[in-house]
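J.: File data19.cif follows (mmCIF, C-alpha atoms and all ligand atoms):
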data_input
#
loop_
_atom_site.label_atom_id
_atom_site.label_comp_id
_atom_site.auth_asym_id
_atom_site.auth_seq_id
_atom_site.Cartn_x
_atom_site.Cartn_y
_atom_site.Cartn_z
CA LEU E 1 123.70 176.27 50.71
CA ALA E 2 125.07 179.59 52.04
CA SER E 3 128.34 177.99 53.09
CA ARG E 4 131.63 178.28 51.27
CA ASP E 5 132.27 174.60 51.88
CA PHE E 6 129.28 173.82 49.71
CA HIS E 7 130.03 176.49 47.07
CA PRO E 8 133.73 177.54 47.00
CA GLU E 9 133.48 180.24 44.29
CA ASP E 10 132.05 183.69 45.01
CA THR E 11 128.44 184.10 43.93
CA ILE E 12 128.08 186.86 41.38
CA ILE E 13 124.57 188.22 40.94
CA ASP E 14 124.01 189.72 37.51
CA ILE E 15 121.09 192.13 37.45
CA LYS E 16 120.53 193.57 33.99
CA GLY E 17 124.30 193.56 33.43
CA VAL E 18 125.27 194.99 36.84
CA LYS E 19 127.42 192.31 38.47
CA ILE E 20 127.36 192.20 42.25
CA GLY E 21 129.89 190.09 44.12
CA GLY E 22 133.00 190.35 41.97
CA LYS E 23 136.04 192.59 42.28
CA GLU E 24 134.05 195.70 41.39
CA ILE E 25 131.89 197.38 43.99
CA VAL E 26 128.25 198.35 43.60
CA ILE E 27 126.81 201.58 45.00
CA MET E 28 123.18 201.82 46.10
CA GLY E 29 122.06 205.31 47.06
CA GLY E 30 118.90 207.21 47.76
CA PRO E 31 116.53 208.39 50.46
CA CYS E 32 115.39 206.40 53.46
CA ALA E 33 111.83 206.72 52.16
CA VAL E 34 110.19 207.54 48.86
CA GLU E 35 108.28 210.76 49.61
CA SER E 36 106.98 211.92 46.22
CA ALA E 37 107.56 211.38 42.51
CA GLU E 38 109.51 214.65 42.29
CA GLN E 39 111.71 213.77 45.25
CA ILE E 40 112.68 210.31 44.00
CA ASP E 41 113.22 211.56 40.45
CA GLU E 42 115.53 214.33 41.62
CA ILE E 43 117.52 212.00 43.85
CA ALA E 44 117.74 209.31 41.15
CA ALA E 45 119.34 211.86 38.80
CA LEU E 46 121.91 212.69 41.49
CA VAL E 47 122.69 209.02 42.25
CA LYS E 48 123.25 208.39 38.55
CA ALA E 49 125.36 211.50 38.02
CA ALA E 50 127.57 210.56 40.96
CA GLY E 51 128.21 207.09 39.47
CA GLY E 52 125.81 204.88 41.46
CA GLN E 53 124.09 201.83 40.01
CA VAL E 54 121.09 201.25 42.27
CA LEU E 55 118.39 203.59 43.61
CA ARG E 56 117.30 202.84 47.16
CA GLY E 57 114.08 204.04 48.77
CA GLY E 58 111.48 202.59 51.09
CA ALA E 59 107.82 202.62 50.05
CA PHE E 60 106.90 200.60 53.15
CA LYS E 61 108.75 201.77 56.26
CA PRO E 62 109.25 199.73 59.44
CA ARG E 63 108.85 202.47 62.05
CA THR E 64 109.46 202.05 65.75
CA GLY E 65 106.26 203.91 66.62
CA PRO E 66 102.84 203.31 65.02
CA TYR E 67 102.10 207.05 64.67
CA SER E 68 105.24 207.80 62.61
CA PHE E 69 105.13 208.09 58.82
CA GLN E 70 104.77 204.53 57.50
CA GLY E 71 105.73 205.11 53.86
CA VAL E 72 103.69 206.01 50.80
CA GLY E 73 103.02 202.33 49.94
CA VAL E 74 102.34 200.92 46.49
CA GLU E 75 102.35 204.39 44.91
CA GLY E 76 105.95 204.64 46.00
CA LEU E 77 106.84 201.44 44.17
CA ILE E 78 105.51 202.96 40.97
CA MET E 79 107.37 206.25 41.52
CA MET E 80 110.61 204.38 42.13
CA GLN E 81 110.27 202.17 39.11
CA GLU E 82 109.72 205.21 36.92
CA ALA E 83 112.70 207.06 38.36
CA GLY E 84 114.91 204.01 37.97
CA LYS E 85 113.90 203.51 34.35
CA LYS E 86 114.26 207.17 33.49
CA HIS E 87 117.75 207.47 34.94
CA GLY E 88 119.10 204.02 34.10
CA LEU E 89 119.32 202.70 37.66
CA LEU E 90 118.32 199.44 39.25
CA THR E 91 115.99 199.80 42.24
CA ILE E 92 115.90 198.30 45.71
CA THR E 93 113.04 198.59 48.19
CA GLU E 94 112.07 196.99 51.48
CA VAL E 95 109.31 194.42 51.75
CA MET E 96 107.94 193.72 55.22
CA THR E 97 105.25 191.07 54.83
CA PRO E 98 104.78 187.94 52.72
CA GLU E 99 101.58 189.37 51.17
CA TYR E 100 103.52 192.27 49.63
CA VAL E 101 106.39 190.24 48.17
CA ASP E 102 104.75 189.72 44.77
CA ILE E 103 103.88 193.36 44.21
CA CYS E 104 107.30 194.56 45.38
CA ALA E 105 108.96 191.99 43.09
CA GLU E 106 106.86 193.27 40.20
CA TYR E 107 108.16 196.84 40.58
CA ALA E 108 111.68 196.58 42.06
CA ASP E 109 114.88 194.91 40.87
CA ILE E 110 116.07 193.93 44.36
CA LEU E 111 114.01 193.24 47.50
CA GLN E 112 115.42 194.45 50.82
CA ILE E 113 114.69 192.63 54.06
CA GLY E 114 115.13 194.96 57.00
CA THR E 115 116.96 194.27 60.21
CA ARG E 116 113.68 193.82 62.13
CA ASN E 117 112.51 191.10 59.76
CA MET E 118 115.68 189.05 59.42
CA GLN E 119 114.02 186.16 61.20
CA ASN E 120 110.53 186.58 59.79
CA PHE E 121 110.56 183.02 58.53
CA ASP E 122 107.29 183.20 56.57
CA LEU E 123 108.68 186.21 54.73
CA LEU E 124 112.00 184.45 54.07
CA ARG E 125 110.22 181.37 52.70
CA LYS E 126 108.15 183.52 50.37
CA LEU E 127 111.35 185.16 49.03
CA GLY E 128 112.56 181.75 47.91
CA THR E 129 110.12 181.87 45.01
CA CYS E 130 109.89 185.63 44.34
CA GLY E 131 112.17 185.57 41.29
CA LYS E 132 114.17 188.64 42.35
CA PRO E 133 117.53 189.06 44.14
CA VAL E 134 117.28 189.76 47.85
CA LEU E 135 119.41 191.96 50.11
CA LEU E 136 119.11 190.47 53.58
CA LYS E 137 120.02 192.81 56.41
CA ARG E 138 121.55 191.45 59.56
CA GLY E 139 119.25 191.64 62.55
CA PHE E 140 120.58 194.23 64.98
CA SER E 141 121.02 191.53 67.61
CA ALA E 142 121.78 188.62 65.30
CA THR E 143 124.96 186.56 65.19
CA TYR E 144 126.71 185.69 61.92
CA ASP E 145 125.34 182.18 62.22
CA GLU E 146 121.77 183.46 62.62
CA LEU E 147 122.19 185.71 59.57
CA LEU E 148 123.52 182.81 57.50
CA ASN E 149 120.64 180.62 58.64
CA ALA E 150 118.18 183.32 57.59
CA ALA E 151 119.85 183.41 54.16
CA GLU E 152 119.58 179.64 54.08
CA TYR E 153 115.77 179.87 54.18
CA ILE E 154 115.77 181.95 50.98
CA LEU E 155 118.33 179.76 49.24
CA ALA E 156 116.57 176.56 50.28
CA GLY E 157 113.34 177.95 48.87
CA GLY E 158 114.94 178.11 45.43
CA ASN E 159 116.37 181.64 45.18
CA PRO E 160 120.18 181.61 44.80
CA ASN E 161 120.51 185.41 44.56
CA VAL E 162 121.00 186.61 48.11
CA MET E 163 123.24 189.44 49.34
CA LEU E 164 124.14 189.75 53.00
CA CYS E 165 124.13 193.22 54.54
CA GLU E 166 125.95 194.43 57.64
CA ARG E 167 123.96 197.41 58.95
CA GLY E 168 125.22 197.73 62.49
CA ILE E 169 124.33 195.95 65.69
CA ARG E 170 123.06 197.15 69.05
CA THR E 171 125.82 197.63 71.60
CA PHE E 172 126.28 199.59 74.85
CA GLU E 173 127.59 202.57 72.86
CA SER E 174 124.99 205.31 72.56
CA TYR E 175 126.96 207.97 70.66
CA THR E 176 126.23 206.09 67.45
CA ARG E 177 122.81 204.67 66.57
CA ASN E 178 124.28 201.21 65.95
CA THR E 179 127.81 199.82 65.91
CA LEU E 180 128.87 198.93 62.37
CA ASP E 181 130.58 195.57 62.79
CA LEU E 182 133.35 195.78 60.20
CA ALA E 183 134.65 192.33 61.07
CA ALA E 184 131.36 190.92 59.81
CA ILE E 185 132.49 191.71 56.27
CA PRO E 186 135.55 189.41 56.10
CA VAL E 187 133.99 186.82 58.40
CA LEU E 188 130.85 186.48 56.26
CA GLN E 189 133.01 186.29 53.14
CA GLN E 190 135.09 183.52 54.70
CA LEU E 191 132.04 181.55 55.80
CA SER E 192 129.91 182.21 52.74
CA HIS E 193 130.16 182.78 48.98
CA LEU E 194 127.35 185.35 49.00
CA PRO E 195 128.10 189.04 48.26
CA VAL E 196 128.41 191.27 51.33
CA ILE E 197 127.08 194.84 51.27
CA SER E 198 127.73 197.40 54.01
CA ASP E 199 125.24 200.02 55.23
CA PRO E 200 127.24 202.78 56.93
CA SER E 201 124.13 204.98 57.24
CA HIS E 202 122.15 202.78 59.63
CA GLY E 203 125.45 201.38 60.90
CA THR E 204 126.37 204.74 62.44
CA GLY E 205 123.27 206.93 62.38
CA ARG E 206 125.48 209.98 61.89
CA ARG E 207 126.16 211.72 58.59
CA GLU E 208 129.76 212.64 59.41
CA LEU E 209 130.62 208.97 59.96
CA VAL E 210 129.19 207.67 56.70
CA ALA E 211 132.19 208.48 54.47
CA PRO E 212 134.89 207.08 56.78
CA MET E 213 132.89 203.91 57.46
CA SER E 214 132.15 203.52 53.74
CA LYS E 215 135.87 203.58 52.99
CA ALA E 216 136.60 201.24 55.87
CA SER E 217 133.95 198.81 54.59
CA ILE E 218 135.47 198.74 51.13
CA ALA E 219 138.96 198.33 52.60
CA ALA E 220 137.56 195.37 54.59
CA GLY E 221 136.39 193.80 51.33
CA ALA E 222 132.72 194.72 51.03
CA ASN E 223 131.20 194.08 47.60
CA GLY E 224 129.22 197.28 47.78
CA LEU E 225 127.47 199.90 49.86
CA ILE E 226 123.92 201.03 50.51
CA VAL E 227 123.97 204.71 51.49
CA GLU E 228 121.21 207.16 52.37
CA MET E 229 121.26 210.45 50.47
CA HIS E 230 118.63 213.20 50.50
CA THR E 231 118.32 216.62 48.87
CA ASP E 232 116.83 218.11 52.03
CA PRO E 233 117.80 215.78 54.88
CA ASP E 234 116.67 218.15 57.63
CA ASN E 235 113.10 217.93 56.34
CA SER E 236 113.02 214.25 55.40
CA MET E 237 109.89 212.33 56.35
CA THR E 238 111.70 209.74 58.44
CA GLY E 239 114.16 210.43 61.24
CA ASP E 240 116.98 209.21 59.03
CA GLY E 241 117.83 212.69 57.72
CA VAL E 242 120.56 212.94 60.36
CA GLN E 243 122.38 210.03 58.74
CA SER E 244 121.67 211.01 55.13
CA LEU E 245 124.41 212.54 53.02
CA PHE E 246 123.85 215.74 51.07
CA PRO E 247 124.13 215.15 47.30
CA ASP E 248 127.56 216.79 47.05
CA GLN E 249 128.88 214.63 49.89
CA PHE E 250 127.56 211.53 48.14
CA ALA E 251 129.30 212.50 44.89
CA GLU E 252 132.55 213.24 46.69
CA LEU E 253 132.38 209.90 48.50
CA LEU E 254 132.05 207.99 45.23
CA LYS E 255 135.09 209.82 43.83
CA ASP E 256 137.10 208.80 46.89
CA LEU E 257 135.86 205.21 46.72
CA GLU E 258 137.02 204.88 43.12
CA LYS E 259 140.57 205.22 44.42
CA LEU E 260 140.02 202.15 46.62
CA ALA E 261 138.18 199.83 44.25
CA PRO E 262 136.66 199.98 40.77
CA ILE E 263 132.92 200.69 40.76
CA VAL E 264 130.83 198.30 38.60
C1 LIG E 301 116.37 201.30 55.75
O1 LIG E 301 117.19 200.83 54.95
O2 LIG E 301 115.87 202.44 55.64
C2 LIG E 301 116.07 200.53 56.98
C3 LIG E 301 114.90 200.67 57.63
O3 LIG E 301 117.08 199.71 57.33
P1 LIG E 301 117.24 198.73 58.59
O4 LIG E 301 116.29 197.62 58.36
O5 LIG E 301 118.69 198.30 58.48
O6 LIG E 301 116.97 199.52 59.83
MN MN E 302 116.56 204.48 56.81
#
Would you give me this structure, written as structure tokens?
Ligand code: PEP
Ligand code: MN
T.:
Amino acid sequence: LASRDFHPEDTIIDIKGVKIGGKEIVIMGGPCAVESAEQIDEIAALVKAAGGQVLRGGAFKPRTGPYSFQGVGVEGLIMMQEAGKKHGLLTITEVMTPEYVDICAEYADILQIGTRNMQNFDLLRKLGTCGKPVLLKRGFSATYDELLNAAEYILAGGNPNVMLCERGIRTFESYTRNTLDLAAIPVLQQLSHLPVISDPSHGTGRRELVAPMSKASIAAGANGLIVEMHTDPDNSMTGDGVQSLFPDQFAELLKDLEKLAPIV
């Protein structure tokens, strides 16, 4: 079902009038994690003012260590929904377990599956019937074929609205957090009709690389970007402050991107 042979035309996912997968690009921006109602409201206003369409933010965070901040949980879903409604943005948030799919689908417009859960097959099956579009991140050690097979689980379960996300893979290079695999963008678009979104934040792990890799992703044909932005990145509650843009950098990036492709 994910293959272009089966479905030659590009899939366009229409979420409340925002069309993802066509010639226009979609911009998702926001913090790694929802921290408080004030924080997400302030950032939502900045995403909107800069020209973004979707507010990102994790309420449930997949952390490497069990003692790190794990997210504010269901409260965060409520805070995000309010900020999205107030500022006219769609929302995307990560869901990590099958039990939380229904509540996340109730509050968010798009469900994000993180790199660590790309092959959580129970979770993927549950997404088939969740009724909301899904952004499926590539596992950091997954091949294109494994990513497409993971998408297949969601499609086969009855949900046609899946976006693929390149977020960097693990390589021998340690200067960057991950290696953003730009070739994944055209390859996935050749093999599949599903929209392809690039994540230059996790794909590099370094703020100064986010703008150049965003532009490179769009030049390579990405249908959109998911970018971390924070008003106070040095004091963010996850370690992802180092890869988060300051609000003025985010706004400047969107201005530059408009020269490359129209934004939805
Ligand atoms: C995130 O988007 O904050 C995140 C945890 O992403 P990934 O699953 O790509 O690491
Ligand atoms: Mn993050």
J.: Please identify the residues whose atoms come within 8 Å of ligand LIG 301 (chain E), using all atoms listed in the file, and report them as a PyMOL selection string.
T.: chain E and resi 31-33+57-58+61-63+94+112-117+137-140+167-168+199+202-203+228+240
J.: Pick the closest to Phe246 (chain E) from E:Ile218, E:Gly84, E:Asp5, E:Ala211: which is it, counting all atoms listed in the file?
T.: E:Ala211
J.: Using all atoms listed in the file, which residue out of E:Lys126, E:Arg56, E:His193, E:Lys215 lies closest to ligand MN 302 (chain E)?
T.: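 Using all atoms listed in the file, the shortest distance to ligand MN 302 (chain E) belongs to E:Arg56.
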J.: Rounded to one decimal in Å, what is the spacing between CA of Met80 (chain E) and CA of Glu42 (chain E)?
T.: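 Taking CA of Met80 (chain E) and CA of Glu42 (chain E), their separation equals 11.1 Å.
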J.: Record the distance separating CA of Pro195 (chain E) and CA of Phe6 (chain E), expressed in Å with one decimal.
T.: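 Atom-to-atom, CA of Pro195 (chain E) and CA of Phe6 (chain E) are spaced 15.3 Å apart.
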J.: What is the distance, in Å and to one decimal place, between CA of Val18 (chain E) and CA of Leu46 (chain E)?
T.: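 CA of Leu46 (chain E) lies 18.6 Å from CA of Val18 (chain E).
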J.: For ligand MN 302 (chain E), which residue among E:Gly131, E:Pro247, E:Gly30, E:Gly51 is the nearest when counting all atoms listed in the file?
T.: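 Using all atoms listed in the file, ligand MN 302 (chain E) sits closest to E:Gly30.
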